[in-house]
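Student: To be precise about what I am sending: the file is called entry.cif and holds mmCIF, C-alpha atoms.
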data_upload
loop_
_atom_site.label_atom_id
_atom_site.label_comp_id
_atom_site.auth_asym_id
_atom_site.auth_seq_id
_atom_site.Cartn_x
_atom_site.Cartn_y
_atom_site.Cartn_z
CA MET E 1 0.00 0.00 0.00
CA SER E 2 2.87 2.40 0.75
CA GLU E 3 4.17 1.95 -2.79
CA GLN E 4 0.71 2.71 -4.16
CA ILE E 5 0.56 5.94 -2.17
CA ASP E 6 4.00 6.94 -3.45
CA CYS E 7 2.81 6.27 -7.00
CA PHE E 8 -0.39 8.22 -6.36
CA TYR E 9 1.50 11.36 -5.38
CA ALA E 10 4.24 10.82 -7.97
CA ASN E 11 1.60 11.16 -10.69
CA GLY E 12 0.64 14.61 -9.48
CA LEU E 13 -2.46 13.57 -7.57
CA THR E 14 -3.36 14.64 -4.04
CA LEU E 15 -6.08 13.48 -1.69
CA GLN E 16 -7.41 17.00 -1.25
CA GLN E 17 -8.34 17.07 -4.94
CA PHE E 18 -11.19 14.68 -4.11
CA THR E 19 -13.22 17.19 -2.15
CA ASN E 20 -16.42 15.11 -2.31
CA LEU E 21 -14.75 11.95 -0.98
CA GLN E 22 -16.95 10.26 1.61
CA SER E 23 -15.04 7.08 2.47
CA LEU E 24 -11.30 6.60 2.86
CA MET E 25 -9.32 3.47 3.75
CA LEU E 26 -5.56 3.60 4.23
CA CYS E 27 -3.59 0.36 4.59
CA GLY E 28 0.03 -0.08 5.57
CA VAL E 29 0.87 3.61 5.75
CA GLY E 30 3.88 4.39 7.93
CA VAL E 31 5.40 7.54 9.33
CA ASN E 32 7.87 7.57 6.46
CA HIS E 33 5.25 7.09 3.76
CA MET E 34 3.26 10.24 3.21
CA LEU E 35 1.58 10.33 6.61
CA ASP E 36 2.37 14.03 6.82
CA ARG E 37 0.66 14.62 3.47
CA ILE E 38 -2.39 12.68 4.62
CA GLN E 39 -2.47 14.78 7.77
CA ILE E 40 -2.52 17.91 5.61
CA ALA E 41 -5.17 16.49 3.28
CA LEU E 42 -7.74 15.32 5.84
CA PRO E 43 -8.94 18.78 6.94
CA GLN E 44 -9.67 19.53 3.29
CA LEU E 45 -12.02 16.55 2.95
CA PRO E 46 -15.14 17.85 4.71
CA HIS E 47 -17.47 15.13 3.43
CA ILE E 48 -15.63 12.13 4.86
CA THR E 49 -18.08 9.94 6.80
CA HIS E 50 -16.05 6.70 6.94
CA LEU E 51 -12.34 6.52 7.80
CA THR E 52 -10.36 3.30 8.20
CA LEU E 53 -6.69 3.09 9.11
CA ASP E 54 -5.55 -0.50 8.67
CA TYR E 55 -2.05 -1.54 9.79
CA CYS E 56 -0.81 2.04 9.79
CA THR E 57 2.06 3.22 11.97
CA LEU E 58 0.94 6.66 13.09
CA GLY E 59 4.03 7.71 15.01
CA TYR E 60 6.56 6.78 17.65
CA ASN E 61 5.43 8.83 20.64
CA ARG E 62 2.34 10.46 22.11
CA VAL E 63 3.34 13.96 21.04
CA THR E 64 3.55 13.18 17.32
CA ILE E 65 0.28 11.26 17.16
CA LEU E 66 -1.97 13.79 18.91
CA PRO E 67 -2.24 16.32 16.02
CA LEU E 68 -3.46 13.60 13.64
CA ILE E 69 -5.96 12.25 16.18
CA ASN E 70 -7.31 15.77 16.73
CA ILE E 71 -7.63 16.32 12.98
CA ILE E 72 -9.64 13.11 12.67
CA TRP E 73 -11.92 14.08 15.57
CA SER E 74 -12.44 17.48 13.93
CA LEU E 75 -13.74 16.12 10.62
CA PRO E 76 -17.23 17.65 10.37
CA LYS E 77 -19.11 14.62 9.01
CA LEU E 78 -17.09 11.65 10.24
CA SER E 79 -19.39 9.01 11.73
CA TYR E 80 -17.46 5.75 11.34
CA CYS E 81 -13.83 5.61 12.46
CA TYR E 82 -11.76 2.43 12.55
CA PHE E 83 -8.21 1.98 13.86
CA ILE E 84 -7.27 -1.60 12.92
CA ASN E 85 -3.77 -2.35 14.21
CA SER E 86 -3.09 1.31 13.57
CA ILE E 87 -1.54 2.98 16.54
CA THR E 88 1.66 4.59 17.74
CA PHE E 89 4.52 2.24 18.49
CA CYS E 90 6.87 3.14 21.33
CA HIS E 91 9.20 0.62 23.02
CA ASP E 92 7.31 -2.22 21.32
CA GLN E 93 4.00 -1.05 22.75
CA ALA E 94 0.98 -0.08 20.67
CA LEU E 95 -0.19 3.24 22.07
CA PHE E 96 -3.36 5.18 21.46
CA VAL E 97 -3.69 8.83 22.43
CA PRO E 98 -7.21 10.15 23.15
CA PRO E 99 -8.10 13.39 21.37
CA THR E 100 -8.17 16.74 23.12
CA VAL E 101 -10.95 18.06 20.87
CA ALA E 102 -14.53 16.82 20.75
CA SER E 103 -16.31 15.18 17.84
CA SER E 104 -20.02 15.86 17.46
CA THR E 105 -20.40 13.26 14.69
CA ILE E 106 -18.49 10.05 15.52
CA THR E 107 -20.98 7.32 16.45
CA HIS E 108 -18.99 4.18 15.57
CA LEU E 109 -15.42 3.71 16.79
CA THR E 110 -13.07 0.72 16.64
CA ILE E 111 -9.63 0.60 18.26
CA TRP E 112 -8.28 -2.88 17.64
CA ASN E 113 -5.10 -4.22 19.28
CA ILE E 114 -4.06 -1.59 21.78
CA ASP E 115 -1.26 -2.19 24.28
CA ASP E 116 -1.29 0.91 26.43
CA PRO E 117 -1.89 0.97 30.21
CA TYR E 118 -1.69 4.77 30.24
CA CYS E 119 -4.47 5.39 27.72
CA GLU E 120 -7.32 7.00 29.66
CA MET E 121 -10.59 5.92 28.11
CA ALA E 122 -12.48 8.47 30.18
CA ALA E 123 -10.85 11.19 28.07
CA LEU E 124 -11.77 9.34 24.88
CA PHE E 125 -15.43 9.05 25.88
CA GLU E 126 -15.53 12.67 26.98
CA GLN E 127 -14.37 13.83 23.55
CA THR E 128 -16.72 11.43 21.73
CA PRO E 129 -20.05 12.25 23.40
CA TYR E 130 -22.25 10.76 20.66
CA LEU E 131 -20.47 7.40 20.51
CA GLN E 132 -22.97 4.54 20.17
CA HIS E 133 -20.96 1.55 18.92
CA PHE E 134 -17.56 0.93 20.47
CA SER E 135 -15.16 -1.94 19.67
CA VAL E 136 -11.84 -2.38 21.46
CA SER E 137 -9.26 -5.12 21.91
CA ALA E 138 -6.02 -5.30 23.87
CA TRP E 139 -2.73 -7.17 23.75
CA THR E 140 -0.67 -7.62 26.93
CA TYR E 141 -1.47 -4.28 28.55
CA TYR E 142 -4.90 -2.74 28.52
CA PRO E 143 -6.13 0.87 28.79
CA ASP E 144 -7.42 2.55 31.91
CA PHE E 145 -11.20 2.14 32.03
CA ARG E 146 -11.68 3.71 35.45
CA LEU E 147 -14.59 6.01 34.72
CA THR E 148 -16.02 8.50 37.17
CA SER E 149 -19.32 8.88 35.35
CA SER E 150 -21.60 6.84 33.12
CA VAL E 151 -21.48 6.80 29.32
CA PRO E 152 -25.17 6.72 28.36
CA SER E 153 -24.61 7.10 24.61
CA ILE E 154 -23.03 3.65 24.11
CA THR E 155 -25.54 0.95 23.13
CA THR E 156 -23.20 -1.62 21.55
CA LEU E 157 -19.88 -2.83 22.93
CA LYS E 158 -17.45 -5.35 21.45
CA ILE E 159 -14.50 -6.01 23.75
CA SER E 160 -11.70 -8.58 23.69
CA GLY E 161 -8.49 -9.24 25.59
CA PHE E 162 -9.52 -7.56 28.84
CA PRO E 163 -9.76 -9.23 32.27
CA TYR E 164 -13.17 -9.78 33.80
CA LYS E 165 -12.83 -7.07 36.44
CA THR E 166 -11.98 -4.41 33.87
CA VAL E 167 -14.94 -5.40 31.71
CA CYS E 168 -17.19 -5.51 34.75
CA ASP E 169 -16.15 -2.01 35.85
CA LEU E 170 -16.79 -0.67 32.36
CA LEU E 171 -20.20 -2.31 31.97
CA GLN E 172 -21.38 -0.72 35.19
CA ARG E 173 -20.94 2.64 33.47
CA LEU E 174 -22.98 1.75 30.37
CA PRO E 175 -26.64 1.97 31.48
CA ASN E 176 -28.10 1.92 27.95
CA LEU E 177 -26.09 -1.00 26.60
CA SER E 178 -28.28 -3.29 24.48
CA HIS E 179 -25.71 -5.42 22.60
CA LEU E 180 -22.57 -6.93 24.12
CA TYR E 181 -19.92 -9.02 22.36
CA LEU E 182 -17.19 -10.56 24.52
CA GLY E 183 -14.03 -12.02 23.01
CA ALA E 184 -10.90 -13.63 24.44
CA ASN E 185 -9.91 -13.39 28.12
CA ASN E 186 -13.48 -12.89 29.29
CA SER E 187 -15.04 -15.15 31.89
CA ASP E 188 -17.41 -17.88 30.66
CA ASP E 189 -19.07 -18.09 34.08
CA HIS E 190 -22.69 -17.45 33.14
CA GLN E 191 -23.69 -16.95 36.76
CA GLN E 192 -21.30 -14.01 37.03
CA TRP E 193 -22.74 -12.44 33.90
CA GLU E 194 -26.32 -13.12 34.97
CA GLU E 195 -25.73 -11.21 38.19
CA LEU E 196 -23.96 -8.38 36.38
CA ILE E 197 -26.71 -8.08 33.77
CA GLY E 198 -29.43 -8.11 36.39
CA ASP E 199 -27.72 -5.44 38.47
CA PHE E 200 -26.35 -3.05 35.86
CA LEU E 201 -27.60 -3.78 32.32
CA PRO E 202 -31.39 -3.50 32.33
CA LYS E 203 -31.58 -2.80 28.59
CA LEU E 204 -29.33 -5.62 27.35
CA LYS E 205 -30.95 -7.60 24.52
CA LYS E 206 -28.04 -9.61 23.12
CA CYS E 207 -24.88 -10.98 24.72
CA GLN E 208 -22.34 -13.10 22.84
CA PHE E 209 -19.26 -14.95 24.16
CA ASN E 210 -16.63 -15.82 21.56
CA GLY E 211 -19.35 -16.32 18.97
CA ARG E 212 -21.78 -18.07 21.35
CA LEU E 213 -25.00 -16.37 22.37
CA LEU E 214 -25.86 -16.16 26.03
CA LYS E 215 -29.07 -18.05 26.73
CA LYS E 216 -32.10 -15.81 26.45
CA GLU E 217 -33.33 -16.66 29.95
CA LEU E 218 -30.21 -15.02 31.38
CA LEU E 219 -31.20 -11.74 29.75
CA LYS E 220 -34.54 -11.60 31.50
CA ASN E 221 -34.79 -9.13 34.35
#
Turn the structure described in the file into structure tokens.
Tutor:
Amino acid sequence: MSEQIDCFYANGLTLQQFTNLQSLMLCGVGVNHMLDRIQIALPQLPHITHLTLDYCTLGYNRVTILPLINIIWSLPKLSYCYFINSITFCHDQALFVPPTVASSTITHLTIWNIDDPYCEMAALFEQTPYLQHFSVSAWTYYPDFRLTSSVPSITTLKISGFPYKTVCDLLQRLPNLSHLYLGANNSDDHQQWEELIGDFLPKLKKCQFNGRLLKKELLKN
């Protein structure tokens, strides 16, 4: 993909020429392959609604990644944003830096394969107040999900690679959650989940463990 981007620009084309572009997927873009040009182009694409960064290396420290994250969160029509193995690598850790500006349009967000114990998800949720569908997975280290307030906007959560306690703490802050998808490293103890659902998830309609649906009777209040 990096070679294709080089060829794209070598032929005199630029992303900002496509002012009506609504969907953009970038694969395999690294810090040495036109990422700075993409960062310049994004603010000039006001109609983008879908953005996917797939296996992109966005930087090597928190300082360099923040401007790009803020540009993405500032896109006026962006609703669907996907970071698939696309984060900042520092000391062999995959970092994600929450934005410092708010998005009034992002409703679907995926951050897949994060490895950052210092990433404060409270800041991410604060700057994404209309987030409805959130997908997140972790490697060895997982982000800080200690929230001081609820996140009523989220109705769908897909989470993988997090210990039970972390997931439990997060779910207690999602009062309007209706769909829950649990991947690896999550407890299969249905009694635990039945108690959690009964106590904190009154609106849950669907719960799935590693592709298996939780029995419907466990979703009854």
Student: What is the distance between CA of Tyr82 in chain E and CA of Leu53 in chain E, in Å to one decimal?
Tutor: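 Answer for the CA of Tyr82 in chain E to CA of Leu53 in chain E separation: 6.2 Å.
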Student: Do you know which residues the PyMOL selection byres ((chain E and resi 41) around 12) returns on this file, as a PyMOL selection string?
Tutor: chain E and resi 13-19+21+24+34-40+42-46+48+68+71-72+75
Student: Using CA of Thr57 in chain E and CA of Tyr130 in chain E as the two end points, give the distance in Å to one decimal.
Tutor: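 Rounded to one decimal, the two atoms are 26.9 Å apart.
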Student: Using all atoms listed in the file, which of E:Leu171, E:Cys81, E:Cys119, E:Leu124 sits nearest Thr105 in chain E?
Tutor: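 Of E:Leu171, E:Cys81, E:Cys119, E:Leu124, the one nearest Thr105 in chain E, counting all atoms listed in the file, is E:Cys81.
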Student: Can you give me, as a compact mmCIF listing (two decimals) with C-alpha atoms, in the coordinates of the input, the residues this file yields under the PyMOL selection byres ((chain E and resi 135) around 7)?
Tutor:
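Generated output (selection-v3.txt):
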# COMPACT_ATOMS: atom_id res chain seq x y z
CA LEU E 109 -15.42 3.71 16.79
CA THR E 110 -13.07 0.72 16.64
CA ILE E 111 -9.63 0.60 18.26
CA HIS E 133 -20.96 1.55 18.92
CA PHE E 134 -17.56 0.93 20.47
CA VAL E 136 -11.84 -2.38 21.46
CA LEU E 157 -19.88 -2.83 22.93
CA LYS E 158 -17.45 -5.35 21.45
CA ILE E 159 -14.50 -6.01 23.75
Student: What separation in Å, quoted to one decimal, exists between CA of Met25 in chain E and CA of Ser137 in chain E?
Tutor: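 We find that CA of Met25 in chain E and CA of Ser137 in chain E lie 20.1 Å from each other.
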Student: Once the PyMOL selection byres ((chain E and resi 166-169) around 10) has been evaluated on this model, what residues remain selected, and can you format them as a CSV table (one decimal) with C-alpha atoms, in the frame of the given file?
Tutor:
chain,number,residue,atom,x,y,z
E,142,TYR,CA,-4.9,-2.7,28.5
E,143,PRO,CA,-6.1,0.9,28.8
E,144,ASP,CA,-7.4,2.6,31.9
E,145,PHE,CA,-11.2,2.1,32.0
E,146,ARG,CA,-11.7,3.7,35.4
E,147,LEU,CA,-14.6,6.0,34.7
E,159,ILE,CA,-14.5,-6.0,23.8
E,160,SER,CA,-11.7,-8.6,23.7
E,161,GLY,CA,-8.5,-9.2,25.6
E,162,PHE,CA,-9.5,-7.6,28.8
E,163,PRO,CA,-9.8,-9.2,32.3
E,164,TYR,CA,-13.2,-9.8,33.8
E,165,LYS,CA,-12.8,-7.1,36.4
E,170,LEU,CA,-16.8,-0.7,32.4
E,171,LEU,CA,-20.2,-2.3,32.0
E,172,GLN,CA,-21.4,-0.7,35.2
E,173,ARG,CA,-20.9,2.6,33.5
E,174,LEU,CA,-23.0,1.8,30.4
E,182,LEU,CA,-17.2,-10.6,24.5
E,186,ASN,CA,-13.5,-12.9,29.3
E,187,SER,CA,-15.0,-15.2,31.9
E,192,GLN,CA,-21.3,-14.0,37.0
E,193,TRP,CA,-22.7,-12.4,33.9
E,196,LEU,CA,-24.0,-8.4,36.4
E,197,ILE,CA,-26.7,-8.1,33.8
E,200,PHE,CA,-26.4,-3.0,35.9
Student: Of the candidates E:Asn61, E:Ser149, E:Ser86, E:Thr49, which one gets nearest to Trp73 in chain E if we count only C-alpha atoms?
Tutor: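 Of all the options, E:Thr49 lies closest to Trp73 in chain E.
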Student: Contacts of Thr128 in chain E at 12 Å or less, counting only C-alpha atoms, minus same-chain residues fewer than 3 places along, as a PyMOL selection string?
Tutor: chain E and resi 70+72-74+78-81+98-109+121-125+131-134+151-154
Student: For Arg62 in chain E, which residue among E:Gln127, E:Phe83, E:Val97, E:Gly30 is the nearest when counting all atoms listed in the file?
Tutor: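 Using all atoms listed in the file, Arg62 in chain E sits closest to E:Val97.
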